[in-house]
Amino acid sequence: MTTMIMPITAMATRTSMTETAEFQRQHWFSPAFPVGGYAYSHGIEKAVETGDITRGESLTAWIDGILRLGAGRNDAILLAEAWRRAGGEGGAADPDGLLALAELGIALGLSQERRLETAQQGSAFYALVASSWPHPRWFDWPDGRELPYPVAVGVAGAIHGQPLRPLLGAYLQAFAANLLAAGIRLAVIGQSEAQSRLASLLPTLSALADEAMAASLDDLGGMAIRGDLMSLRHETQTTRLFRS
């Protein structure tokens with residue numbers, strides 16, 4: 001008996017655009033989508049070693065700070081701008097503008113490990129979406145040009161017609177979930193508690209997504225000073241599980 005596999009384009013014609021977009025987001029931000037996020041803790045590993053993070057409450061507060069005052073907010077703004085420059089909602093694509101935006105995104109990484117974190121995940125995500133969700137509007141990213149993770153997501157989302165607000169929400173949720181997963185591996189928090197902690201971050205995640213919808217590059221910035229310091233100090237940490 002031969003099993004027929006329906007092409008993606010044929011599948012899309014038999015499902016609503018909303019259902020297809022939701023399926024894509026669940027696929028792209030699933031822990032099973034191998035972008036390598038499990039290898040990075042965003043400096044949390046060092047914060048655990050120094051005693052800044054000791055249990056679920058302090059881990060959640062730390063992540064909330066990163067989201068509101070650090071890379072979480074900046075990533076959301078970069079994602080939204082990449083979505084626009086890639087032609088979101090039928091706009092004209094601006095390849096040169098995307099390259100400049102990618103350079104800015106890399107420059108915002110305040111440590112070598114943070115730059116590696118976003119560039120490695122960005123290139124992996126972009127390649128995986130290109131292979132698993134091919135699209136006639138897809139364009140190859142120039143060789144040797146680093147691609148930050150939020151910029152890669154914004155470009156892929158625009159090309160596939162993803163609405164911006166749900167895309168932002170899904171990205172930020174995955175960002176927070178990955179940091180909580182780092183806490184699980186570092187034995188700071190258990191799996192069950194991590195789920196309730198993630199749910200408690202919903203107001204922050206929702207507010208950030210709403211803010212990024214109206215923000216511009218002039219709104220980029222950060223005040224997660226302790227988090228940045230832990231990321232820098234992690235580079236010389238002797239024993240570690242994570243690459244950042």
# chains A, B, ... in the order shown; residues from 1 in each chain; ligands from 1
>>> residues_around(residues="region 179-195 of chain A", least_positions_apart="6", cutoff="7 Å", atoms="only C-alpha atoms", output="list in words")
Ser41, Thr54, Arg55 and Gly56 of chain A
>>> write_last_selection(atoms="N, CA and C atoms", output="compact mmCIF listing (two decimals), in the first residue's frame")
# COMPACT_ATOMS: atom_id res chain seq x y z
N SER A 41 21.59 29.79 27.83
CA SER A 41 20.85 30.19 29.04
C SER A 41 20.75 31.70 29.19
N THR A 54 17.96 31.58 42.83
CA THR A 54 18.03 30.44 43.76
C THR A 54 16.83 29.51 43.67
N ARG A 55 15.69 30.02 43.24
CA ARG A 55 14.49 29.18 43.14
C ARG A 55 13.55 29.79 42.11
N GLY A 56 12.34 29.21 42.00
CA GLY A 56 11.40 29.62 40.96
C GLY A 56 11.03 31.09 40.99
>>> select_by_dssp(residues="region 4-234 of chain A", states="alpha helix (DSSP H)", output="CSV table (one decimal) with N, CA and C atoms, in the first residue's frame")
chain,number,residue,atom,x,y,z
A,8,ILE,N,2.6,20.9,0.7
A,8,ILE,CA,2.2,22.0,1.6
A,8,ILE,C,1.2,22.9,0.9
A,9,THR,N,1.4,23.2,-0.4
A,9,THR,CA,0.5,24.1,-1.1
A,9,THR,C,-0.9,23.5,-1.2
A,10,ALA,N,-1.0,22.2,-1.4
A,10,ALA,CA,-2.3,21.6,-1.5
A,10,ALA,C,-3.0,21.6,-0.1
A,11,MET,N,-2.2,21.4,0.9
A,11,MET,CA,-2.7,21.4,2.3
A,11,MET,C,-3.3,22.8,2.6
A,12,ALA,N,-2.6,23.8,2.2
A,12,ALA,CA,-3.1,25.2,2.5
A,12,ALA,C,-4.4,25.5,1.8
A,13,THR,N,-4.7,24.9,0.6
A,13,THR,CA,-5.9,25.2,-0.1
A,13,THR,C,-7.1,24.5,0.6
A,17,MET,N,-6.6,30.2,6.0
A,17,MET,CA,-5.3,30.9,6.2
A,17,MET,C,-5.0,31.0,7.7
A,18,THR,N,-6.0,31.2,8.5
A,18,THR,CA,-5.8,31.4,9.9
A,18,THR,C,-5.3,30.1,10.5
A,19,GLU,N,-5.9,29.0,10.1
A,19,GLU,CA,-5.4,27.7,10.7
A,19,GLU,C,-4.0,27.4,10.2
A,20,THR,N,-3.7,27.7,9.0
A,20,THR,CA,-2.3,27.4,8.5
A,20,THR,C,-1.3,28.3,9.2
A,21,ALA,N,-1.6,29.5,9.4
A,21,ALA,CA,-0.7,30.4,10.1
A,21,ALA,C,-0.5,30.0,11.6
A,22,GLU,N,-1.6,29.5,12.2
A,22,GLU,CA,-1.4,29.0,13.6
A,22,GLU,C,-0.6,27.7,13.6
A,23,PHE,N,-0.8,26.9,12.7
A,23,PHE,CA,0.0,25.6,12.6
A,23,PHE,C,1.5,26.0,12.4
A,24,GLN,N,1.8,26.9,11.5
A,24,GLN,CA,3.1,27.4,11.3
A,24,GLN,C,3.8,27.8,12.6
A,25,ARG,N,3.1,28.7,13.3
A,25,ARG,CA,3.7,29.3,14.6
A,25,ARG,C,3.9,28.1,15.6
A,26,GLN,N,3.0,27.2,15.7
A,26,GLN,CA,3.2,26.1,16.6
A,26,GLN,C,4.4,25.3,16.2
A,27,HIS,N,4.6,25.1,14.9
A,27,HIS,CA,5.7,24.3,14.4
A,27,HIS,C,7.0,25.1,14.6
A,28,TRP,N,7.1,26.3,14.2
A,28,TRP,CA,8.3,27.1,14.3
A,28,TRP,C,8.8,27.3,15.7
A,44,ILE,N,21.8,33.0,32.5
A,44,ILE,CA,21.2,32.5,33.7
A,44,ILE,C,22.1,31.5,34.5
A,45,GLU,N,22.8,30.7,33.7
A,45,GLU,CA,23.7,29.8,34.4
A,45,GLU,C,24.7,30.5,35.3
A,46,LYS,N,25.2,31.6,34.9
A,46,LYS,CA,26.1,32.3,35.8
A,46,LYS,C,25.4,32.9,37.0
A,47,ALA,N,24.2,33.4,36.7
A,47,ALA,CA,23.3,34.0,37.8
A,47,ALA,C,23.0,33.0,38.9
A,48,VAL,N,22.9,31.7,38.5
A,48,VAL,CA,22.6,30.6,39.4
A,48,VAL,C,23.9,30.4,40.2
A,49,GLU,N,25.0,30.4,39.6
A,49,GLU,CA,26.3,30.2,40.3
A,49,GLU,C,26.6,31.3,41.3
A,50,THR,N,26.2,32.5,41.0
A,50,THR,CA,26.5,33.6,41.9
A,50,THR,C,25.5,33.7,43.0
A,56,GLY,N,12.3,29.2,42.0
A,56,GLY,CA,11.4,29.6,41.0
A,56,GLY,C,11.0,31.1,41.0
A,57,GLU,N,10.9,31.6,42.2
A,57,GLU,CA,10.4,33.0,42.3
A,57,GLU,C,11.5,34.0,41.7
A,58,SER,N,12.8,33.8,42.1
A,58,SER,CA,13.8,34.6,41.6
A,58,SER,C,14.1,34.4,40.1
A,59,LEU,N,14.0,33.2,39.7
A,59,LEU,CA,14.1,32.9,38.2
A,59,LEU,C,13.1,33.6,37.4
A,60,THR,N,11.8,33.6,37.9
A,60,THR,CA,10.8,34.3,37.1
A,60,THR,C,11.0,35.8,37.1
A,61,ALA,N,11.4,36.3,38.2
A,61,ALA,CA,11.7,37.8,38.3
A,61,ALA,C,12.8,38.1,37.4
A,62,TRP,N,13.8,37.3,37.3
A,62,TRP,CA,15.0,37.5,36.4
A,62,TRP,C,14.5,37.5,35.0
A,63,ILE,N,13.7,36.5,34.6
A,63,ILE,CA,13.3,36.4,33.2
A,63,ILE,C,12.4,37.6,32.9
A,64,ASP,N,11.5,38.0,33.8
A,64,ASP,CA,10.6,39.2,33.6
A,64,ASP,C,11.5,40.4,33.3
A,65,GLY,N,12.6,40.6,34.0
A,65,GLY,CA,13.5,41.7,33.8
A,65,GLY,C,14.1,41.7,32.4
A,66,ILE,N,14.6,40.5,32.0
A,66,ILE,CA,15.1,40.3,30.7
A,66,ILE,C,14.1,40.7,29.6
A,67,LEU,N,12.9,40.3,29.8
A,67,LEU,CA,11.8,40.5,28.8
A,67,LEU,C,11.5,42.0,28.8
A,68,ARG,N,11.3,42.7,29.9
A,68,ARG,CA,10.9,44.1,29.9
A,68,ARG,C,12.0,45.1,29.6
A,69,LEU,N,13.2,44.7,30.1
A,69,LEU,CA,14.3,45.7,30.2
A,69,LEU,C,15.5,45.3,29.3
A,71,ALA,N,16.9,42.0,26.4
A,71,ALA,CA,16.8,41.4,25.0
A,71,ALA,C,15.4,41.0,24.6
A,72,GLY,N,14.5,40.7,25.5
A,72,GLY,CA,13.2,40.3,25.1
A,72,GLY,C,12.5,41.5,24.4
A,73,ARG,N,12.5,42.7,25.0
A,73,ARG,CA,11.9,43.8,24.4
A,73,ARG,C,12.6,44.2,23.0
A,74,ASN,N,13.9,44.2,23.0
A,74,ASN,CA,14.6,44.6,21.8
A,74,ASN,C,14.4,43.6,20.7
A,75,ASP,N,14.3,42.3,21.0
A,75,ASP,CA,14.0,41.3,20.0
A,75,ASP,C,12.6,41.5,19.4
A,76,ALA,N,11.7,41.9,20.2
A,76,ALA,CA,10.3,42.1,19.7
A,76,ALA,C,10.3,43.3,18.7
A,77,ILE,N,11.0,44.3,19.1
A,77,ILE,CA,11.1,45.5,18.2
A,77,ILE,C,11.8,45.1,16.9
A,78,LEU,N,12.9,44.4,17.0
A,78,LEU,CA,13.6,44.0,15.8
A,78,LEU,C,12.8,43.1,14.9
A,79,LEU,N,12.0,42.2,15.5
A,79,LEU,CA,11.2,41.3,14.8
A,79,LEU,C,10.1,42.0,14.0
A,80,ALA,N,9.5,43.0,14.7
A,80,ALA,CA,8.4,43.8,14.0
A,80,ALA,C,9.0,44.6,12.8
A,81,GLU,N,10.2,45.2,13.0
A,81,GLU,CA,10.8,46.0,12.0
A,81,GLU,C,11.2,45.1,10.8
A,82,ALA,N,11.7,43.9,11.1
A,82,ALA,CA,12.1,43.0,10.0
A,82,ALA,C,10.9,42.5,9.2
A,83,TRP,N,9.8,42.3,9.9
A,83,TRP,CA,8.5,41.9,9.3
A,83,TRP,C,8.1,43.0,8.3
A,84,ARG,N,8.2,44.2,8.7
A,84,ARG,CA,7.8,45.3,7.8
A,84,ARG,C,8.8,45.4,6.6
A,85,ARG,N,10.1,45.4,6.9
A,85,ARG,CA,11.1,45.5,5.8
A,85,ARG,C,11.1,44.3,4.8
A,95,PRO,N,15.5,44.6,0.9
A,95,PRO,CA,16.6,43.7,1.2
A,95,PRO,C,17.8,44.5,1.8
A,96,ASP,N,18.1,45.6,1.3
A,96,ASP,CA,19.3,46.4,1.9
A,96,ASP,C,18.9,46.8,3.3
A,97,GLY,N,17.7,47.2,3.5
A,97,GLY,CA,17.3,47.6,4.9
A,97,GLY,C,17.3,46.4,5.9
A,98,LEU,N,17.0,45.2,5.4
A,98,LEU,CA,17.1,44.0,6.2
A,98,LEU,C,18.5,43.7,6.6
A,99,LEU,N,19.5,43.9,5.7
A,99,LEU,CA,20.9,43.6,6.0
A,99,LEU,C,21.4,44.6,7.1
A,100,ALA,N,20.9,45.9,6.9
A,100,ALA,CA,21.3,46.9,7.9
A,100,ALA,C,20.7,46.6,9.3
A,101,LEU,N,19.5,46.1,9.3
A,101,LEU,CA,18.8,45.7,10.5
A,101,LEU,C,19.5,44.6,11.2
A,102,ALA,N,19.9,43.6,10.4
A,102,ALA,CA,20.6,42.4,10.9
A,102,ALA,C,21.9,42.8,11.6
A,103,GLU,N,22.6,43.8,11.0
A,103,GLU,CA,23.9,44.3,11.6
A,103,GLU,C,23.6,44.9,12.9
A,104,LEU,N,22.5,45.7,13.0
A,104,LEU,CA,22.1,46.3,14.3
A,104,LEU,C,21.8,45.3,15.3
A,105,GLY,N,21.0,44.3,14.9
A,105,GLY,CA,20.6,43.2,15.8
A,105,GLY,C,21.8,42.5,16.4
A,106,ILE,N,22.9,42.2,15.6
A,106,ILE,CA,24.1,41.6,16.1
A,106,ILE,C,24.8,42.6,17.1
A,107,ALA,N,24.9,43.8,16.7
A,107,ALA,CA,25.6,44.8,17.5
A,107,ALA,C,24.9,45.0,18.9
A,112,GLN,N,30.1,38.3,23.5
A,112,GLN,CA,30.4,37.4,22.4
A,112,GLN,C,29.4,36.3,22.4
A,113,GLU,N,29.0,35.8,23.6
A,113,GLU,CA,28.1,34.6,23.7
A,113,GLU,C,26.7,35.0,23.3
A,114,ARG,N,26.3,36.2,23.7
A,114,ARG,CA,25.0,36.7,23.3
A,114,ARG,C,24.8,36.8,21.8
A,115,ARG,N,25.9,37.3,21.2
A,115,ARG,CA,25.9,37.4,19.7
A,115,ARG,C,25.8,36.1,19.0
A,116,LEU,N,26.6,35.1,19.6
A,116,LEU,CA,26.5,33.7,19.1
A,116,LEU,C,25.1,33.2,19.3
A,117,GLU,N,24.5,33.4,20.4
A,117,GLU,CA,23.2,32.9,20.7
A,117,GLU,C,22.2,33.3,19.7
A,118,THR,N,22.1,34.6,19.3
A,118,THR,CA,21.1,35.1,18.4
A,118,THR,C,21.5,34.7,16.9
A,119,ALA,N,22.8,34.7,16.6
A,119,ALA,CA,23.2,34.4,15.2
A,119,ALA,C,23.0,33.0,14.9
A,120,GLN,N,23.4,32.1,15.8
A,120,GLN,CA,23.3,30.7,15.5
A,120,GLN,C,21.8,30.2,15.4
A,121,GLN,N,21.0,30.7,16.3
A,121,GLN,CA,19.6,30.4,16.2
A,121,GLN,C,18.9,31.0,15.0
A,122,GLY,N,19.3,32.2,14.7
A,122,GLY,CA,18.8,32.9,13.5
A,122,GLY,C,19.1,32.1,12.2
A,123,SER,N,20.3,31.7,12.0
A,123,SER,CA,20.7,31.0,10.8
A,123,SER,C,20.0,29.6,10.7
A,124,ALA,N,20.0,29.0,11.9
A,124,ALA,CA,19.3,27.6,11.9
A,124,ALA,C,17.8,27.8,11.6
A,125,PHE,N,17.2,28.7,12.2
A,125,PHE,CA,15.7,28.9,12.0
A,125,PHE,C,15.5,29.2,10.5
A,126,TYR,N,16.2,30.1,9.9
A,126,TYR,CA,16.0,30.5,8.5
A,126,TYR,C,16.2,29.3,7.6
A,127,ALA,N,17.2,28.5,7.8
A,127,ALA,CA,17.4,27.4,7.0
A,127,ALA,C,16.3,26.3,7.1
A,128,LEU,N,15.9,26.1,8.3
A,128,LEU,CA,14.8,25.1,8.6
A,128,LEU,C,13.5,25.6,8.0
A,129,VAL,N,13.2,26.8,8.1
A,129,VAL,CA,11.9,27.3,7.5
A,129,VAL,C,12.0,27.2,6.0
A,130,ALA,N,13.2,27.5,5.4
A,130,ALA,CA,13.3,27.5,4.0
A,130,ALA,C,13.1,26.0,3.4
A,131,SER,N,13.6,25.1,4.2
A,131,SER,CA,13.5,23.7,3.8
A,131,SER,C,12.1,23.1,4.1
A,132,SER,N,11.5,23.4,5.2
A,132,SER,CA,10.2,22.8,5.6
A,132,SER,C,9.0,23.5,5.1
A,149,TYR,N,18.3,36.1,15.4
A,149,TYR,CA,17.1,35.2,15.4
A,149,TYR,C,15.8,36.0,15.2
A,150,PRO,N,15.6,37.2,15.9
A,150,PRO,CA,14.3,37.9,15.7
A,150,PRO,C,14.1,38.4,14.3
A,151,VAL,N,15.3,38.8,13.6
A,151,VAL,CA,15.2,39.2,12.3
A,151,VAL,C,14.8,38.1,11.3
A,152,ALA,N,15.4,36.9,11.6
A,152,ALA,CA,15.0,35.7,10.8
A,152,ALA,C,13.5,35.4,10.9
A,153,VAL,N,13.0,35.5,12.1
A,153,VAL,CA,11.6,35.2,12.4
A,153,VAL,C,10.7,36.2,11.7
A,154,GLY,N,11.1,37.5,11.7
A,154,GLY,CA,10.3,38.6,11.1
A,154,GLY,C,10.3,38.4,9.6
A,155,VAL,N,11.4,38.1,9.0
A,155,VAL,CA,11.4,37.9,7.5
A,155,VAL,C,10.6,36.7,7.1
A,156,ALA,N,10.8,35.5,7.8
A,156,ALA,CA,10.0,34.3,7.5
A,156,ALA,C,8.5,34.6,7.7
A,157,GLY,N,8.1,35.3,8.8
A,157,GLY,CA,6.7,35.6,9.0
A,157,GLY,C,6.1,36.4,7.9
A,158,ALA,N,6.8,37.5,7.5
A,158,ALA,CA,6.3,38.3,6.4
A,158,ALA,C,6.1,37.6,5.1
A,159,ILE,N,7.1,36.8,4.8
A,159,ILE,CA,7.0,36.0,3.5
A,159,ILE,C,5.8,35.1,3.5
A,164,LEU,N,1.4,40.0,12.3
A,164,LEU,CA,2.5,40.4,13.2
A,164,LEU,C,2.2,40.1,14.7
A,165,ARG,N,1.0,40.5,15.2
A,165,ARG,CA,0.8,40.4,16.6
A,165,ARG,C,0.9,39.0,17.1
A,166,PRO,N,0.2,38.0,16.5
A,166,PRO,CA,0.4,36.6,17.0
A,166,PRO,C,1.8,36.1,16.8
A,167,LEU,N,2.5,36.5,15.8
A,167,LEU,CA,3.9,36.1,15.6
A,167,LEU,C,4.8,36.6,16.8
A,168,LEU,N,4.6,37.9,17.1
A,168,LEU,CA,5.3,38.4,18.3
A,168,LEU,C,5.0,37.7,19.6
A,169,GLY,N,3.7,37.4,19.8
A,169,GLY,CA,3.3,36.7,21.0
A,169,GLY,C,4.0,35.3,21.1
A,170,ALA,N,4.0,34.6,19.9
A,170,ALA,CA,4.6,33.2,19.9
A,170,ALA,C,6.1,33.3,20.1
A,171,TYR,N,6.7,34.3,19.5
A,171,TYR,CA,8.2,34.4,19.7
A,171,TYR,C,8.5,34.7,21.2
A,172,LEU,N,7.9,35.6,21.8
A,172,LEU,CA,8.2,36.0,23.1
A,172,LEU,C,7.8,34.8,24.1
A,173,GLN,N,6.8,34.1,23.9
A,173,GLN,CA,6.5,33.0,24.7
A,173,GLN,C,7.6,31.9,24.6
A,174,ALA,N,8.0,31.7,23.4
A,174,ALA,CA,9.1,30.7,23.2
A,174,ALA,C,10.4,31.2,23.9
A,175,PHE,N,10.7,32.5,23.8
A,175,PHE,CA,11.8,33.1,24.5
A,175,PHE,C,11.8,32.8,26.0
A,176,ALA,N,10.7,33.1,26.6
A,176,ALA,CA,10.5,32.9,28.0
A,176,ALA,C,10.6,31.4,28.4
A,177,ALA,N,9.9,30.6,27.6
A,177,ALA,CA,9.9,29.2,27.9
A,177,ALA,C,11.3,28.6,27.8
A,178,ASN,N,12.1,29.0,26.9
A,178,ASN,CA,13.5,28.5,26.8
A,178,ASN,C,14.3,28.9,28.0
A,179,LEU,N,14.1,30.1,28.6
A,179,LEU,CA,14.9,30.5,29.7
A,179,LEU,C,14.4,29.7,31.0
A,180,LEU,N,13.1,29.4,31.0
A,180,LEU,CA,12.6,28.6,32.1
A,180,LEU,C,13.2,27.1,32.0
A,181,ALA,N,13.3,26.7,30.8
A,181,ALA,CA,13.9,25.3,30.5
A,181,ALA,C,15.3,25.3,31.0
A,182,ALA,N,16.0,26.4,30.8
A,182,ALA,CA,17.4,26.4,31.4
A,182,ALA,C,17.4,26.3,32.9
A,183,GLY,N,16.4,26.9,33.5
A,183,GLY,CA,16.3,26.8,35.0
A,183,GLY,C,16.0,25.4,35.4
A,184,ILE,N,15.2,24.6,34.6
A,184,ILE,CA,14.9,23.2,34.9
A,184,ILE,C,16.2,22.4,34.8
A,185,ARG,N,17.0,22.6,33.8
A,185,ARG,CA,18.3,21.9,33.7
A,185,ARG,C,19.3,22.2,34.7
A,191,GLN,N,9.6,20.9,36.5
A,191,GLN,CA,8.8,21.0,35.3
A,191,GLN,C,7.4,21.5,35.6
A,192,SER,N,6.8,21.0,36.6
A,192,SER,CA,5.4,21.5,36.9
A,192,SER,C,5.4,22.9,37.3
A,193,GLU,N,6.3,23.4,38.1
A,193,GLU,CA,6.3,24.8,38.6
A,193,GLU,C,6.6,25.7,37.4
A,194,ALA,N,7.5,25.2,36.5
A,194,ALA,CA,7.9,26.0,35.3
A,194,ALA,C,6.7,26.4,34.5
A,195,GLN,N,5.7,25.5,34.4
A,195,GLN,CA,4.5,25.8,33.6
A,195,GLN,C,3.6,26.9,34.3
A,196,SER,N,3.5,26.8,35.6
A,196,SER,CA,2.7,27.9,36.2
A,196,SER,C,3.5,29.2,36.2
A,197,ARG,N,4.8,29.2,36.2
A,197,ARG,CA,5.6,30.4,36.1
A,197,ARG,C,5.5,31.0,34.7
A,198,LEU,N,5.5,30.2,33.7
A,198,LEU,CA,5.3,30.7,32.4
A,198,LEU,C,4.0,31.4,32.2
A,199,ALA,N,2.9,30.7,32.8
A,199,ALA,CA,1.6,31.3,32.7
A,199,ALA,C,1.6,32.7,33.4
A,200,SER,N,2.3,32.8,34.5
A,200,SER,CA,2.3,34.1,35.3
A,200,SER,C,3.0,35.2,34.5
A,202,LEU,N,2.4,35.8,31.4
A,202,LEU,CA,1.5,36.2,30.3
A,202,LEU,C,1.3,37.7,30.2
A,203,PRO,N,1.0,38.4,31.3
A,203,PRO,CA,0.8,39.9,31.2
A,203,PRO,C,2.0,40.6,30.6
A,204,THR,N,3.2,40.2,31.0
A,204,THR,CA,4.4,40.9,30.5
A,204,THR,C,4.6,40.6,29.0
A,205,LEU,N,4.4,39.3,28.6
A,205,LEU,CA,4.5,38.9,27.2
A,205,LEU,C,3.5,39.6,26.3
A,206,SER,N,2.3,39.8,26.8
A,206,SER,CA,1.2,40.4,26.0
A,206,SER,C,1.5,41.9,25.9
A,207,ALA,N,1.9,42.5,27.0
A,207,ALA,CA,2.3,44.0,26.9
A,207,ALA,C,3.4,44.3,26.0
A,208,LEU,N,4.4,43.4,26.0
A,208,LEU,CA,5.6,43.6,25.1
A,208,LEU,C,5.2,43.4,23.7
A,209,ALA,N,4.4,42.5,23.3
A,209,ALA,CA,3.9,42.3,22.0
A,209,ALA,C,3.1,43.5,21.5
A,210,ASP,N,2.3,44.0,22.3
A,210,ASP,CA,1.5,45.2,22.0
A,210,ASP,C,2.4,46.4,21.8
A,211,GLU,N,3.4,46.6,22.6
A,211,GLU,CA,4.3,47.7,22.5
A,211,GLU,C,5.1,47.6,21.3
A,212,ALA,N,5.6,46.4,20.9
A,212,ALA,CA,6.4,46.3,19.7
A,212,ALA,C,5.7,46.6,18.4
A,213,MET,N,4.3,46.4,18.5
A,213,MET,CA,3.5,46.7,17.3
A,213,MET,C,3.7,48.2,16.9
A,214,ALA,N,3.8,49.0,17.9
A,214,ALA,CA,3.8,50.5,17.6
A,214,ALA,C,5.2,51.1,17.7
A,225,ILE,N,21.0,45.5,33.5
A,225,ILE,CA,22.4,45.6,33.7
A,225,ILE,C,23.0,44.3,34.3
A,226,ARG,N,22.3,43.8,35.3
A,226,ARG,CA,22.8,42.6,36.0
A,226,ARG,C,22.8,41.4,35.0
A,227,GLY,N,21.8,41.3,34.2
A,227,GLY,CA,21.7,40.2,33.2
A,227,GLY,C,22.8,40.3,32.2
A,228,ASP,N,23.1,41.5,31.7
A,228,ASP,CA,24.3,41.7,30.8
A,228,ASP,C,25.6,41.3,31.5
A,229,LEU,N,25.7,41.7,32.7
A,229,LEU,CA,27.0,41.4,33.5
A,229,LEU,C,27.1,39.8,33.6
A,230,MET,N,26.0,39.1,33.9
A,230,MET,CA,26.1,37.7,34.0
A,230,MET,C,26.5,37.0,32.7
A,231,SER,N,26.0,37.6,31.6
A,231,SER,CA,26.3,37.1,30.3
A,231,SER,C,27.8,37.3,30.0
A,232,LEU,N,28.4,38.4,30.4
A,232,LEU,CA,29.8,38.6,30.2
A,232,LEU,C,30.7,37.7,31.1
A,233,ARG,N,30.2,37.6,32.3
A,233,ARG,CA,31.0,36.7,33.2
A,233,ARG,C,30.9,35.2,32.9
A,234,HIS,N,29.8,34.9,32.2
A,234,HIS,CA,29.7,33.5,31.9
A,234,HIS,C,30.8,33.0,30.9
>>> atom_distance(atom1="CA of His42 (chain A)", atom2="CA of Ser244 (chain A)")
5.2 Å
>>> closest_residue(among="A:Gly70, A:Gly88, A:Pro148, A:Gly51", to="Gln162 (chain A)", atoms="only C-alpha atoms")
A:Gly88
>>> atom_distance(atom1="CA of Tyr40 (chain A)", atom2="CA of Pro142 (chain A)")
25.1 Å
>>> decode(residues="region 127-140 of chain A", atoms="N, CA and C atoms", output="PDB file, in the first residue's frame")
ATOM      1  N   ALA A 127      17.215  28.539   7.818  1.00  0.00           N
ATOM      2  CA  ALA A 127      17.448  27.377   6.962  1.00  0.00           C
ATOM      3  C   ALA A 127      16.345  26.337   7.112  1.00  0.00           C
ATOM      4  N   LEU A 128      15.877  26.139   8.339  1.00  0.00           N
ATOM      5  CA  LEU A 128      14.834  25.142   8.581  1.00  0.00           C
ATOM      6  C   LEU A 128      13.508  25.550   7.964  1.00  0.00           C
ATOM      7  N   VAL A 129      13.153  26.831   8.089  1.00  0.00           N
ATOM      8  CA  VAL A 129      11.898  27.290   7.480  1.00  0.00           C
ATOM      9  C   VAL A 129      11.992  27.202   5.966  1.00  0.00           C
ATOM     10  N   ALA A 130      13.150  27.541   5.407  1.00  0.00           N
ATOM     11  CA  ALA A 130      13.320  27.467   3.954  1.00  0.00           C
ATOM     12  C   ALA A 130      13.119  26.045   3.435  1.00  0.00           C
ATOM     13  N   SER A 131      13.568  25.056   4.207  1.00  0.00           N
ATOM     14  CA  SER A 131      13.461  23.670   3.760  1.00  0.00           C
ATOM     15  C   SER A 131      12.102  23.051   4.072  1.00  0.00           C
ATOM     16  N   SER A 132      11.512  23.410   5.215  1.00  0.00           N
ATOM     17  CA  SER A 132      10.249  22.776   5.608  1.00  0.00           C
ATOM     18  C   SER A 132       9.022  23.544   5.126  1.00  0.00           C
ATOM     19  N   TRP A 133       9.172  24.838   4.871  1.00  0.00           N
ATOM     20  CA  TRP A 133       8.061  25.671   4.380  1.00  0.00           C
ATOM     21  C   TRP A 133       8.543  26.488   3.172  1.00  0.00           C
ATOM     22  N   PRO A 134       8.882  25.863   2.056  1.00  0.00           N
ATOM     23  CA  PRO A 134       9.361  26.606   0.882  1.00  0.00           C
ATOM     24  C   PRO A 134       8.305  27.585   0.369  1.00  0.00           C
ATOM     25  N   HIS A 135       8.774  28.688  -0.173  1.00  0.00           N
ATOM     26  CA  HIS A 135       7.872  29.741  -0.641  1.00  0.00           C
ATOM     27  C   HIS A 135       8.517  30.432  -1.833  1.00  0.00           C
ATOM     28  N   PRO A 136       7.746  30.782  -2.862  1.00  0.00           N
ATOM     29  CA  PRO A 136       8.333  31.419  -4.047  1.00  0.00           C
ATOM     30  C   PRO A 136       8.965  32.782  -3.766  1.00  0.00           C
ATOM     31  N   ARG A 137       8.557  33.445  -2.688  1.00  0.00           N
ATOM     32  CA  ARG A 137       9.137  34.749  -2.369  1.00  0.00           C
ATOM     33  C   ARG A 137      10.406  34.641  -1.514  1.00  0.00           C
ATOM     34  N   TRP A 138      10.789  33.435  -1.180  1.00  0.00           N
ATOM     35  CA  TRP A 138      11.941  33.254  -0.297  1.00  0.00           C
ATOM     36  C   TRP A 138      13.208  33.741  -0.973  1.00  0.00           C
ATOM     37  N   PHE A 139      14.078  34.387  -0.225  1.00  0.00           N
ATOM     38  CA  PHE A 139      15.365  34.787  -0.797  1.00  0.00           C
ATOM     39  C   PHE A 139      16.494  34.317   0.108  1.00  0.00           C
ATOM     40  N   ASP A 140      17.614  33.993  -0.519  1.00  0.00           N
ATOM     41  CA  ASP A 140      18.769  33.465   0.206  1.00  0.00           C
ATOM     42  C   ASP A 140      19.476  34.590   0.950  1.00  0.00           C
TER      43      ASP A 140
END
